[in-house]
Amino acid sequence: MDIALFIAQFFLIILIGVGINYIKKLPGRLHKEGEIRYEYGFKKDLEAIKASLTQENQLQTIRYQESQARMAEEYIEFIDYFNSVWTDRKVQKEIASNPKKQMEFNKKMVSLGIWLFIFGSDKTVKKYLGFRATSQPDASGNPHDVLIRFGELVLQMRRDLLHPDSTCSEDDFLNMFITDWENERKKLAARNTTEQ
């Protein structure tokens, strides 16, 4: 019986040792299980956030592309309109002499200005305001200044749309539709140096 008691005590000591060891490791196991559950939940949350951000990024890209397309349309309409006004002497005379045509021209200027304000960059808006101020009847009256401001504005539009690092100048643009722009520019430069 002593042997049976000894064996029972031995197994009891082993069981107590295993139990104590289990209890000692229990907080670590619980912590590890908690970490695993947390990581799993965290990963699911991250995947949901990532999916949401991806979708939002795609929508933002679509909105940006649509706005770029609209900006291009507005810029082209603006340039075409002024090109048609400046190259058609009949239209120029009508605007200068007919109050109704002057009003239509002013409405068109305001409308184009609003579209530029909505779709254009800050720099484009500032260039438009400079162009608009220079082209007012009570401004300097120098047509070269108006053309230069227009060239600066179109150049900024070009930078907005496709070529932010463009090295072209307003002279490059004006040379495209004014055949003797280089001569006019030289006369203007000579006049400016004489006045100073």
# chains A, B, ... in the order shown; residues from 1 in each chain; ligands from 1
$ closest_atom_pairs --of "region 129-165 of chain A" --to "region 73-79 of chain A" --cutoff "12 Å" --atoms "only C-alpha atoms" --output "CSV"
residue,atom,partner,partner_atom,distance
A:Phe150,CA,A:Ile79,CA,9.0
A:Gly151,CA,A:Ile79,CA,10.0
A:Leu153,CA,A:Ile79,CA,9.6
A:Val154,CA,A:Ile79,CA,7.4
A:Leu155,CA,A:Tyr75,CA,10.9
A:Gln156,CA,A:Tyr75,CA,10.4
A:Met157,CA,A:Tyr75,CA,6.8
A:Arg158,CA,A:Tyr75,CA,8.9
A:Arg159,CA,A:Tyr75,CA,11.6
A:Asp160,CA,A:Tyr75,CA,9.9
A:Leu161,CA,A:Tyr75,CA,9.1
$ atom_distance --atom1 "CA of Lys43 (chain A)" --atom2 "CA of Gln58 (chain A)"
22.0 Å
$ residues_around --residues "Gly130 (chain A)" --least-positions-apart "3" --cutoff "9 Å" --atoms "only C-alpha atoms" --output "ChimeraX atom specification"
/A:125-127,133-135,149-150,153
$ closest_residue --among "A:Ile62, A:Glu152, A:Lys186, A:Lys101" --to "Asp172 (chain A)" --atoms "only C-alpha atoms"
A:Glu152
$ residues_around --residues "Glu182 (chain A)" --least-positions-apart "5" --cutoff "12 Å" --atoms "only C-alpha atoms" --output "list in words"
His144, Glu170, Asp171, Asp172, Phe173, Leu174, Asn175, Met176, Phe177, Lys187, Leu188 and Ala189 of chain A
$ select_by_dssp --residues "region 40-179 of chain A" --states "helix (DSSP H, G or I)" --output "PyMOL selection string"
chain A and resi 40-87+89-97+99-119+122-134+143-161+170-177
$ atom_distance --atom1 "CA of Ser166 (chain A)" --atom2 "CA of Ser121 (chain A)"
15.5 Å
$ residues_around --residues "region 91-97 of chain A" --least-positions-apart "5" --cutoff "12 Å" --atoms "only C-alpha atoms" --output "list in words"
Tyr81, Phe82, Asn83, Ser84, Val85, Trp86, Gln102, Met103, Glu104, Phe105, Asn106, Lys108 and Pro137 of chain A
$ write_last_selection --atoms "N, CA, C and O atoms" --output "PDB file, in the first residue's frame"
ATOM      1  N   TYR A  81     -12.658  81.198 -79.617  1.00  0.00           N
ATOM      2  CA  TYR A  81     -13.479  82.402 -79.633  1.00  0.00           C
ATOM      3  C   TYR A  81     -12.617  83.637 -79.860  1.00  0.00           C
ATOM      4  O   TYR A  81     -12.911  84.459 -80.734  1.00  0.00           O
ATOM      5  N   PHE A  82     -11.553  83.776 -79.098  1.00  0.00           N
ATOM      6  CA  PHE A  82     -10.723  84.966 -79.259  1.00  0.00           C
ATOM      7  C   PHE A  82      -9.962  84.966 -80.572  1.00  0.00           C
ATOM      8  O   PHE A  82      -9.754  86.018 -81.166  1.00  0.00           O
ATOM      9  N   ASN A  83      -9.591  83.813 -81.019  1.00  0.00           N
ATOM     10  CA  ASN A  83      -8.942  83.742 -82.319  1.00  0.00           C
ATOM     11  C   ASN A  83      -9.907  84.209 -83.404  1.00  0.00           C
ATOM     12  O   ASN A  83      -9.523  84.962 -84.308  1.00  0.00           O
ATOM     13  N   SER A  84     -11.170  83.794 -83.304  1.00  0.00           N
ATOM     14  CA  SER A  84     -12.151  84.220 -84.314  1.00  0.00           C
ATOM     15  C   SER A  84     -12.419  85.717 -84.227  1.00  0.00           C
ATOM     16  O   SER A  84     -12.602  86.375 -85.247  1.00  0.00           O
ATOM     17  N   VAL A  85     -12.434  86.266 -83.019  1.00  0.00           N
ATOM     18  CA  VAL A  85     -12.659  87.715 -82.868  1.00  0.00           C
ATOM     19  C   VAL A  85     -11.477  88.491 -83.445  1.00  0.00           C
ATOM     20  O   VAL A  85     -11.661  89.475 -84.168  1.00  0.00           O
ATOM     21  N   TRP A  86     -10.270  88.056 -83.159  1.00  0.00           N
ATOM     22  CA  TRP A  86      -9.101  88.818 -83.583  1.00  0.00           C
ATOM     23  C   TRP A  86      -8.776  88.657 -85.054  1.00  0.00           C
ATOM     24  O   TRP A  86      -8.127  89.515 -85.638  1.00  0.00           O
ATOM     25  N   GLN A 102     -21.526  94.356 -78.394  1.00  0.00           N
ATOM     26  CA  GLN A 102     -20.655  94.605 -77.236  1.00  0.00           C
ATOM     27  C   GLN A 102     -21.172  93.853 -76.017  1.00  0.00           C
ATOM     28  O   GLN A 102     -20.391  93.248 -75.265  1.00  0.00           O
ATOM     29  N   MET A 103     -22.490  93.878 -75.833  1.00  0.00           N
ATOM     30  CA  MET A 103     -23.083  93.183 -74.691  1.00  0.00           C
ATOM     31  C   MET A 103     -22.860  91.670 -74.822  1.00  0.00           C
ATOM     32  O   MET A 103     -22.520  91.000 -73.843  1.00  0.00           O
ATOM     33  N   GLU A 104     -23.047  91.145 -76.038  1.00  0.00           N
ATOM     34  CA  GLU A 104     -22.807  89.711 -76.262  1.00  0.00           C
ATOM     35  C   GLU A 104     -21.347  89.358 -75.973  1.00  0.00           C
ATOM     36  O   GLU A 104     -21.060  88.335 -75.364  1.00  0.00           O
ATOM     37  N   PHE A 105     -20.449  90.229 -76.423  1.00  0.00           N
ATOM     38  CA  PHE A 105     -19.027  90.008 -76.179  1.00  0.00           C
ATOM     39  C   PHE A 105     -18.741  90.009 -74.681  1.00  0.00           C
ATOM     40  O   PHE A 105     -18.033  89.133 -74.174  1.00  0.00           O
ATOM     41  N   ASN A 106     -19.291  90.989 -73.975  1.00  0.00           N
ATOM     42  CA  ASN A 106     -19.066  91.062 -72.521  1.00  0.00           C
ATOM     43  C   ASN A 106     -19.639  89.839 -71.803  1.00  0.00           C
ATOM     44  O   ASN A 106     -19.025  89.310 -70.878  1.00  0.00           O
ATOM     45  N   LYS A 108     -20.007  86.896 -73.085  1.00  0.00           N
ATOM     46  CA  LYS A 108     -19.121  85.775 -73.429  1.00  0.00           C
ATOM     47  C   LYS A 108     -17.859  85.822 -72.576  1.00  0.00           C
ATOM     48  O   LYS A 108     -17.392  84.789 -72.082  1.00  0.00           O
ATOM     49  N   PRO A 137     -11.308  98.690 -72.246  1.00  0.00           N
ATOM     50  CA  PRO A 137     -11.185  99.916 -73.054  1.00  0.00           C
ATOM     51  C   PRO A 137     -10.404 101.026 -72.353  1.00  0.00           C
ATOM     52  O   PRO A 137      -9.717 101.802 -73.003  1.00  0.00           O
TER      53      PRO A 137
END
$ closest_residue --among "A:Arg185, A:Arg70, A:Lys107, A:Lys100" --to "Gly120 (chain A)" --atoms "only C-alpha atoms"
A:Arg70
$ atom_distance --atom1 "CA of Thr61 (chain A)" --atom2 "CA of Leu129 (chain A)"
29.4 Å
